[in-house]
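Below is one structure, written out as structure tokens; comments come after it.
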Amino acid sequence: MAKIGVVTFPGSLDDQDALRAIKLTGGEPVSLWHASDSLQGVDAVILPGGFSYGDYLRCGAIARFSPVMAEVIRAAGKGLPVLGICNGFQVLCEAHLLPGALIRSDRRTFYCKDQQLRVESTDTVWTNAFAKDQEINIVLKHGEGNFQADDETLRRLEGEGRVVFRYLVENPNGSRNGIAGITNETGNVVGLMPHPEHNVDPLVSPTLDGVGFFESVYRFVNAKTPPSGTCPTPSSPDSPSSPSSSCALVAGPNGGAPATNAQDDGIGKPQDDGAQKVQGE
Amino acid sequence: MADTVENAKNTPDTEQPWAELGLKEDEYQAIKGILGRRPTGAELAMYSVMWSEHCSYKSSKVHLARFGQLEKTTPRGPLLAGIGEQAGVVDVGNGWAVTFKVESHNHPSYVEPYQGAATGVGGIVRDILAMGARPIASMDSLRFGRLDAPDTARVLPGIVAGVGGYGNCLGLPNIGGEVVFDDSYYGNPLVNALSVGVLRHEDLHLAFAKGVGNKVILYGARTGGDGIGGASVLASETFDADGPAKRPSVQVGDPFMEKLLIECTLELFEADVIDGIQDLGAAGISCATSELASAGDGGMHVDLDLVPLRDSTLSPEEILMSESQERMACVVKPENLDRFFEICAKWDVLATVIGEVTDGDHLVIDWHGETIVDVDPATVAHQGPVYNRPLAYPHWQDELNASTSADLVRPQNGDELAAALMRIAASPNQCDKSWVTDQYDRYVRGNSVLAQPQDSGMLRIDEETGLGIALAMDCNSRFAYLDPYVGAQLALCEAYRNVAVTGAQPVAVTDCLNFGSPEDPEVMWQFSQAVDGLIEGCKALGTPVTGGNVSFYNRTGDVNILPTPLIGMLGVIDNVADRVKSGYAAADDVILELGNTNEDIDGSAWASVMYDQLGGRPPAPNFAAEEALGKALVALAKAHLASSAHDLSDGGLAIALAESSILSGLGAKVKLEGDPFVALFSETPARALLTCSPAALEEVSSVLASHGVPFAAIGQVADTNELEVEGQFTIGLESLTSSWKQTIPATLGVGV
């Protein structure tokens, strides 16, 4: 079972929700503490929503320097899947694991709504279970989610297919190009403002469209641990990096070729043709 | 040099600023009588805040005592804690208990809307925390002057941002409440914040200091100069239009510190290292030390020099009176100190031993080695003045009740009925409130089964069994103005019904009694009537009042607010999967109207919106009908027979039909018996709209009949874009929805 860590910073709020979502979708949730430098051998890390350290400076600016982040940054560089949700996205930008910045929303108020999104890229660890251009509806709630980047960065993000989610119907915060989420060059680090952990439970979620995020990372993690046991286990604490691409190949759900933009370490999407079509009530 | 006890004894004739601190002459003399000398400056500060209206309930005490006659039991069993504790605690089954309370923060929210509202949320959350509970949600009932009044554009966005800014940052979902507009709240908005928490029975903590040698610890934020005299100066006096700005008396909140305080305190409870605990709210250290000490079995000694300060120039009097937020006080056994400080360090929460429990019976406070307070703490905390203020039947009451709405010209045809419906639906009190509620996080913690705009908020408490609770906050202050006795009962009935339509069993009440100046005998009459009405209503419905709050002096110049006895109702549902929503579920479902409709037009939304008229008699409450309806609704939900249910209240059937369509996007076709105007706009209580599948109709009918609930099948949900009242009018849902939605954004704009 994939072990997914969720970091609790002082002021994290949706950490319990992320842990619950992992449990509900069939993963093994592991609580990580900001002051510890151990990732406890997890297969992936989620930086949850909230107001880390109160976010009185810039959102995520202090959290980025916590001991656990040093480890997250190191492991992410070696291919560990990392998902930043809302405040987590802000932390990832502050940590320079993702480009750009999130500033105060143009409406200048906190805004909580069910937001329509388009999945622009399925070539990431966190979106490979979706179909390209799939429209999903995910809970959004923030006051500072206005994604900004310089023209050159924006051109690169768009050109390299690293815009992962785009707002549909309404741009809720003034983000450039309607960008709701982006990924790094290797597709293992994804940040987005909406909250997929709130879209997994039929009783309290407006839709179940968040399930695909978790399915995606489980596919990726499971693809790295073929039954033969010939590949390194991803849970060894000091080597969270991915196994060789041949291992990923062997274990891919369809036994297909590695994903198109998968580079070193075999990060990318396992071949996918079964998009999640989960609907809420 | 501080004014020591020694000094006070030697200088009996020193002039003291008792009037400036809000005390009356006879109160000052009473303090001297208790002490047998003049109070020190520090003692005077303590008595002045603790004997303020806000803290001592001196004008309401004689009336609130009457709540004592209510049974201390809910339909789910005995209360675990009731009135007098920081919040009531209700047994909800399976070993779970729920604590909930509503509190006002009206006056600070007018002076400084953002911080006033924010710290209102923070204060009530700490009350819940101090009971040993994890706070799990907030709700807010907000009242403003007219939507288009100039100052509303300052007060409303600030208050809403404050409620959201603080609550969102604490990670507490805001699941409902009210937003109401009326001229009388102009210059005196109401911010009534409710917090609810959950705990296991065995984790209940109460506020007392016992065990000689146990340490008194102050933890959380440092003490600063904010909020000095907030309770005595702000909340206990009428605003004077040309008086000085009172901004320094408003506290400033730090929700991040409060979030740490919550997590830290819950871990302290879990480690079982706290013997007694109290939050610091109104009256700060004065309140916490005197209440903890008077409830315990000994005295208390405090070294005030040890209190960590944000501002080193504060005088001892200011330290005692400061209402700096995010602080808690507790009593800890010496052997538990190490573990206590370890947990505080983990959460970066500053904790300081400031004193200990002694074997005396006095609260003694030292400053620089000299004693500046030496009092019997009960005289500070509980033996404040009690006023039996004069009551007077309002001189205008008979005339008000005589000027009924019967003479107002009513709609004469279908077009006029449709026009009235459209106008009421788009009126500020009935329109879409998402401009407000979209600024609140309703999803965090992942247990919000229902939230606004549903009739109640509903939370899952136990993921294993699905056990949950529902909460509604209601008050129709127009009815309360026409008759405060009946108005309080109607507020109770509406909250009861709003809980029941979701499928939860109403079990217990918290109240927030907002009134004008208690020095006005006519206001005191309104207050006394409301208390009596509420007591009789609670007896009839079997729902005890578990605690609450009184807010007086809600008056600007010589205008008192409409009496506003706000009711918060707690319901319990065995399995939240049984919950029923208010929007229609499917086309072809049968629409039933439950309950009898009388001609109740006085005080209605129709009279208000169409004629700006308020007079006559409010509808008569019918507790037997209300209870039967509630039981039937719960039974139908449990059997999964109801596909939707919606309370009928403001705006009557017309608004219920409009809302059920707007929320679902489904049309409806109904046929009305009798006078269509009365059928649509009367506001008779004990009614609800319910839908069920055609196949379930027979079973639904028999459940309703067995509970003695009158009902009529009035039409069907339709897969059209129209609300049709046969023979009268057809309204397009698109225009209905857009006019319902645009009212607040059109006035306040987006992104102000």
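For the structure tokens, the naming scheme is as follows: chains receive sequential letters (A, B, ...) according to their order of presentation, residues are indexed from 1 within each chain, and ligands are indexed from 1 in presentation order.
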**Message:** Env of A:Gly49: 7 Å cut, atoms = only C-alpha atoms, seq-sep filter 6 positions within chain, self excluded. Answer as a PyMOL selection string.
**Reply:** chain A and resi 12-15+85-88
Using only C-alpha atoms, tabulate the residues of chain B lying at most 6 Å from any atom of chain A, each with its closest atom pair and that distance in Å to one decimal, by chain and increasing residue number, as a tab-separated table.
residue	atom	partner	partner_atom	distance
B:Gly171	CA	A:Leu13	CA	5.1
B:Phe256	CA	A:Gly54	CA	4.7
B:Asp438	CA	A:Cys112	CA	4.9
B:Gln439	CA	A:Phe110	CA	4.9
B:Asp441	CA	A:Cys112	CA	5.9
B:Arg445	CA	A:Asp17	CA	5.8
B:Gly446	CA	A:Asp17	CA	5.8
B:Ser448	CA	A:Val204	CA	5.8
B:Val449	CA	A:Val204	CA	4.9
B:Gly751	CA	A:Arg107	CA	3.8
Print the selection's residues with N, CA and C atoms to a file, as a tab-separated table (two decimals), in the first residue's frame.
chain	number	residue	atom	x	y	z
B	171	GLY	N	-9.38	27.02	10.96
B	171	GLY	CA	-9.74	25.72	10.40
B	171	GLY	C	-11.07	25.22	10.95
B	256	PHE	N	-3.84	32.73	14.31
B	256	PHE	CA	-2.78	31.71	14.27
B	256	PHE	C	-2.43	31.28	15.69
B	438	ASP	N	-19.81	32.91	1.05
B	438	ASP	CA	-18.69	32.47	0.22
B	438	ASP	C	-17.35	32.91	0.80
B	439	GLN	N	-17.39	33.82	1.78
B	439	GLN	CA	-16.14	34.24	2.40
B	439	GLN	C	-15.77	33.35	3.58
B	441	ASP	N	-15.01	29.38	4.96
B	441	ASP	CA	-14.67	28.01	4.60
B	441	ASP	C	-15.71	27.07	5.21
B	445	ARG	N	-12.13	20.35	7.80
B	445	ARG	CA	-12.38	19.27	8.75
B	445	ARG	C	-13.19	18.13	8.15
B	446	GLY	N	-13.76	18.38	6.95
B	446	GLY	CA	-14.33	17.26	6.19
B	446	GLY	C	-15.56	16.59	6.80
B	448	SER	N	-18.68	18.50	7.17
B	448	SER	CA	-19.83	19.38	6.97
B	448	SER	C	-20.82	18.71	6.02
B	449	VAL	N	-21.79	18.04	6.59
B	449	VAL	CA	-22.78	17.32	5.79
B	449	VAL	C	-23.76	18.30	5.15
B	751	GLY	N	-15.47	42.26	-4.30
B	751	GLY	CA	-14.07	42.59	-4.08
B	751	GLY	C	-13.88	43.98	-3.53
**Request:** Report as a PyMOL selection string: the residues of stretch 121-352 of chain B with a DSSP assignment of helix (DSSP H, G or I), based on the backbone of this structure.
**Result:** chain B and resi 121-130+152-170+183-185+201-203+230-234+247-249+255-270+284-294+304-306+316-321+334-346
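When only C-alpha atoms are used to compute distances to A:Asp151, the closest of the residues A:Gly100, A:Ile179, A:Leu57, A:Ala223 turns out to be A:Gly100.
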